[in-house]
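Student: Let me give you the structure first, and then I'll get to my questions.
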Amino acid sequence: MSFDIICFDCDSTLSEIEGIDELAERAGCGAEMAALTNAAMNGEVSLESVYAQRLDLIKPDQQAIDWVADLYIEKMVQGVEEVFQQLHSQGKEVHIISGGLKQAILPLAEKLQVDADHVHAVEVVFASNGDYLKFNQQSPLARNGGKAEVCAQLNEAGLKMAMIGDGNTDMEAKKAGAYCIGFGGVVARGIVREQADVFVDSPDLQTVLPYLL
């Protein structure tokens with residue numbers, strides 16, 4: 001099965017970290033945050049109920065975002081660069097769709113030669129001195145069902161589309177007609193294993209390639 005549009009989650013899929021949890025750890029509210037993130041990823045609570053709560057606790061400033069952006073790259077999942085090189089060489093349309101913070105993900109995307117306008121994530125607004133002000137509350141990616149909405153917008157022509165990710169929110173892309181590949185190489189979630197069209201749990205992302213090309 002060959003796909004025209006291929007979308008990847010970022011946290012625990014392209015990078016081994018959950019960016020928001022790392023920011024929380026740095027801000028001294030790590031344990032509380034990890035519990036919220038896990039509850040959302042396992043589908044126990046809605047994403048929108050925890051999103052604002054998490055960012056209000058952390059208040060990530062420009063410096064914190066730059067720090068976690070470096071960490072995303074440092075902790076890249078094995079095989080990611082090879083996967084993206086292969087997809088680009090075959091002329092695939094590649095997107096990153098994440099409930100994470102856009103400014104933190106852009107440097108990783110650039111390294112993987114993904115255009116900034118193919119990165120769909122939640123934007124943070126900073127004050128002129130770099131302090132955290134707010135996030136874009138209109139973003140569909142700060143709520144449940146958002147990834148399906150973004151996938152539907154990207155695929156108005158009804159092309160063959162795949163979504164690869166580790167969380168319950170990634171599997172929602174099925175509603176937009178996407179073929180969903182559950183990636184358990186960093187975190188293997190039971191709900192994702194159940195819902196995915198196919199599930200891989202190798203730590204190397206290259207194991208998804210046979211399903212995409």
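Convention: chains lettered A, B, ... in structure tokens order; per-chain residue numbering from 1; ligands numbered from 1 as shown.
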What parts of region 66-211 of chain A does DSSP call strand (DSSP E)? I'd like the answer as a PyMOL selection string.

Tutor: chain A and resi 93-101+119-122+124-126+132-135+161-165+179-183+198-200

Student: Keeping only C-alpha atoms, take the residues you just selected and write them out as a short mmCIF file (atom, residue, chain, number, x, y, z; two decimals), in the first residue's frame.

Tutor:
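Wrote it out as selection14.cif, contents follow:
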```cif
data_model
loop_
_atom_site.label_atom_id
_atom_site.label_comp_id
_atom_site.auth_asym_id
_atom_site.auth_seq_id
_atom_site.Cartn_x
_atom_site.Cartn_y
_atom_site.Cartn_z
CA GLU A 93 4.04 14.88 0.92
CA VAL A 94 5.21 14.75 4.54
CA HIS A 95 3.67 16.58 7.50
CA ILE A 96 4.23 16.72 11.25
CA ILE A 97 0.98 17.00 13.22
CA SER A 98 1.46 17.49 16.94
CA GLY A 99 -0.35 18.70 20.02
CA GLY A 100 3.06 20.02 21.10
CA LEU A 101 4.38 23.57 20.83
CA VAL A 119 4.34 21.58 10.67
CA HIS A 120 0.96 21.67 12.40
CA ALA A 121 1.25 22.29 16.14
CA VAL A 122 0.12 24.75 18.81
CA VAL A 124 2.87 29.99 21.77
CA VAL A 125 2.65 33.76 22.09
CA PHE A 126 5.48 35.54 23.91
CA TYR A 132 5.17 33.35 28.10
CA LEU A 133 1.87 35.12 27.43
CA LYS A 134 -0.56 32.50 26.10
CA PHE A 135 -1.07 29.80 23.50
CA MET A 161 -3.09 9.27 3.65
CA ALA A 162 -1.30 7.68 6.60
CA MET A 163 -0.83 8.89 10.19
CA ILE A 164 1.93 7.51 12.44
CA GLY A 165 1.88 8.15 16.18
CA TYR A 179 -4.58 4.71 7.63
CA CYS A 180 -3.25 4.75 11.21
CA ILE A 181 0.06 3.19 12.19
CA GLY A 182 0.61 2.92 15.94
CA PHE A 183 4.25 3.43 16.90
CA VAL A 198 -1.13 -1.76 12.16
CA PHE A 199 1.10 -1.49 15.24
CA VAL A 200 4.90 -1.58 15.37
#
```

Student: Tell me, as a list in words, which residues lie within 12 Å of region 115-118 of chain A, counting only C-alpha atoms; anything in the same chain fewer than 5 positions away does not count.

Tutor: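 With the cut-off at 12 Å, the set is Ile5, Ile6, Cys7, Phe8, His88, Glu93, Val94, His95, Ile96, Ile97, Ser98, Lys102, Gln103, Ala104, Ile105, Leu106, Pro107, Leu108, Ala109, Glu110, Val150, Cys151 and Leu154 of chain A.
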
Student: Include N, CA and C atoms and write out the residues we just selected as an mmCIF file, in the first residue's frame.

Tutor:
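Dumped everything to again20.cif:
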```cif
data_model
loop_
_atom_site.group_PDB
_atom_site.id
_atom_site.type_symbol
_atom_site.label_atom_id
_atom_site.label_comp_id
_atom_site.auth_asym_id
_atom_site.auth_seq_id
_atom_site.Cartn_x
_atom_site.Cartn_y
_atom_site.Cartn_z
ATOM 1 N N ILE A 5 0.137 11.169 1.114
ATOM 2 C CA ILE A 5 0.354 12.126 2.212
ATOM 3 C C ILE A 5 0.672 11.313 3.469
ATOM 4 N N ILE A 6 1.799 11.632 4.084
ATOM 5 C CA ILE A 6 2.225 10.866 5.264
ATOM 6 C C ILE A 6 2.465 11.837 6.418
ATOM 7 N N CYS A 7 1.756 11.593 7.528
ATOM 8 C CA CYS A 7 1.796 12.509 8.676
ATOM 9 C C CYS A 7 2.367 11.791 9.895
ATOM 10 N N PHE A 8 3.202 12.493 10.609
ATOM 11 C CA PHE A 8 3.815 11.943 11.816
ATOM 12 C C PHE A 8 3.476 12.800 13.022
ATOM 13 N N HIS A 88 11.120 11.680 1.268
ATOM 14 C CA HIS A 88 11.383 12.841 0.412
ATOM 15 C C HIS A 88 11.862 12.379 -0.968
ATOM 16 N N GLU A 93 4.377 13.656 0.190
ATOM 17 C CA GLU A 93 4.045 14.884 0.921
ATOM 18 C C GLU A 93 4.062 14.534 2.408
ATOM 19 N N VAL A 94 5.008 15.126 3.139
ATOM 20 C CA VAL A 94 5.215 14.749 4.539
ATOM 21 C C VAL A 94 4.840 15.906 5.468
ATOM 22 N N HIS A 95 4.088 15.579 6.511
ATOM 23 C CA HIS A 95 3.670 16.581 7.498
ATOM 24 C C HIS A 95 3.977 16.085 8.912
ATOM 25 N N ILE A 96 4.164 17.032 9.818
ATOM 26 C CA ILE A 96 4.232 16.721 11.247
ATOM 27 C C ILE A 96 2.992 17.345 11.886
ATOM 28 N N ILE A 97 2.203 16.512 12.573
ATOM 29 C CA ILE A 97 0.976 16.997 13.224
ATOM 30 C C ILE A 97 1.083 16.672 14.709
ATOM 31 N N SER A 98 1.167 17.708 15.526
ATOM 32 C CA SER A 98 1.462 17.488 16.945
ATOM 33 C C SER A 98 0.634 18.397 17.835
ATOM 34 N N LYS A 102 4.575 24.525 18.628
ATOM 35 C CA LYS A 102 5.137 24.645 17.273
ATOM 36 C C LYS A 102 6.563 25.178 17.267
ATOM 37 N N GLN A 103 6.806 26.235 18.034
ATOM 38 C CA GLN A 103 8.147 26.839 17.997
ATOM 39 C C GLN A 103 9.226 25.866 18.463
ATOM 40 N N ALA A 104 8.857 24.907 19.307
ATOM 41 C CA ALA A 104 9.829 23.926 19.810
ATOM 42 C C ALA A 104 10.096 22.820 18.783
ATOM 43 N N ILE A 105 9.133 22.590 17.890
ATOM 44 C CA ILE A 105 9.226 21.482 16.929
ATOM 45 C C ILE A 105 9.873 21.919 15.611
ATOM 46 N N LEU A 106 9.785 23.211 15.285
ATOM 47 C CA LEU A 106 10.284 23.698 13.997
ATOM 48 C C LEU A 106 11.762 23.367 13.724
ATOM 49 N N PRO A 107 12.679 23.492 14.704
ATOM 50 C CA PRO A 107 14.073 23.148 14.402
ATOM 51 C C PRO A 107 14.262 21.662 14.030
ATOM 52 N N LEU A 108 13.529 20.780 14.679
ATOM 53 C CA LEU A 108 13.581 19.350 14.336
ATOM 54 C C LEU A 108 13.050 19.156 12.910
ATOM 55 N N ALA A 109 11.943 19.814 12.593
ATOM 56 C CA ALA A 109 11.360 19.713 11.248
ATOM 57 C C ALA A 109 12.349 20.181 10.193
ATOM 58 N N GLU A 110 13.035 21.279 10.501
ATOM 59 C CA GLU A 110 14.022 21.822 9.554
ATOM 60 C C GLU A 110 15.142 20.811 9.316
ATOM 61 N N VAL A 150 -7.222 18.372 11.144
ATOM 62 C CA VAL A 150 -6.075 18.795 10.334
ATOM 63 C C VAL A 150 -5.889 17.846 9.154
ATOM 64 N N CYS A 151 -5.996 16.546 9.393
ATOM 65 C CA CYS A 151 -5.853 15.561 8.306
ATOM 66 C C CYS A 151 -6.906 15.790 7.222
ATOM 67 N N LEU A 154 -5.932 18.738 5.110
ATOM 68 C CA LEU A 154 -4.776 18.462 4.250
ATOM 69 C C LEU A 154 -5.140 17.565 3.074
#
```

Student: Using only C-alpha atoms for the distances, tell me which of A:Val83, A:Ile73, A:Met41, A:Leu47 is nearest to Asp204 (chain A).

Tutor: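 With only C-alpha atoms as the atom set, the closest residue is A:Val83.
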
Student: To one decimal in Å, tell me the separation between CA of Trp67 (chain A) and CA of Thr13 (chain A).

Tutor: 19.1 Å

Student: Which of region 1-142 of chain A end up as alpha helix (DSSP H) when DSSP is run on this backbone - answer as a PyMOL selection string?

Tutor: chain A and resi 19-27+30-41+47-58+62-74+80-89+102-111

Student: I'd like the neighbourhood of Leu57 (chain A) as an MDAnalysis selection string, where a residue qualifies if any of its atoms comes within 9 Å (using only C-alpha atoms), though same-chain residues fewer than 5 positions away should be ignored.

Tutor: chainID A and resid 24 27 29 33 52
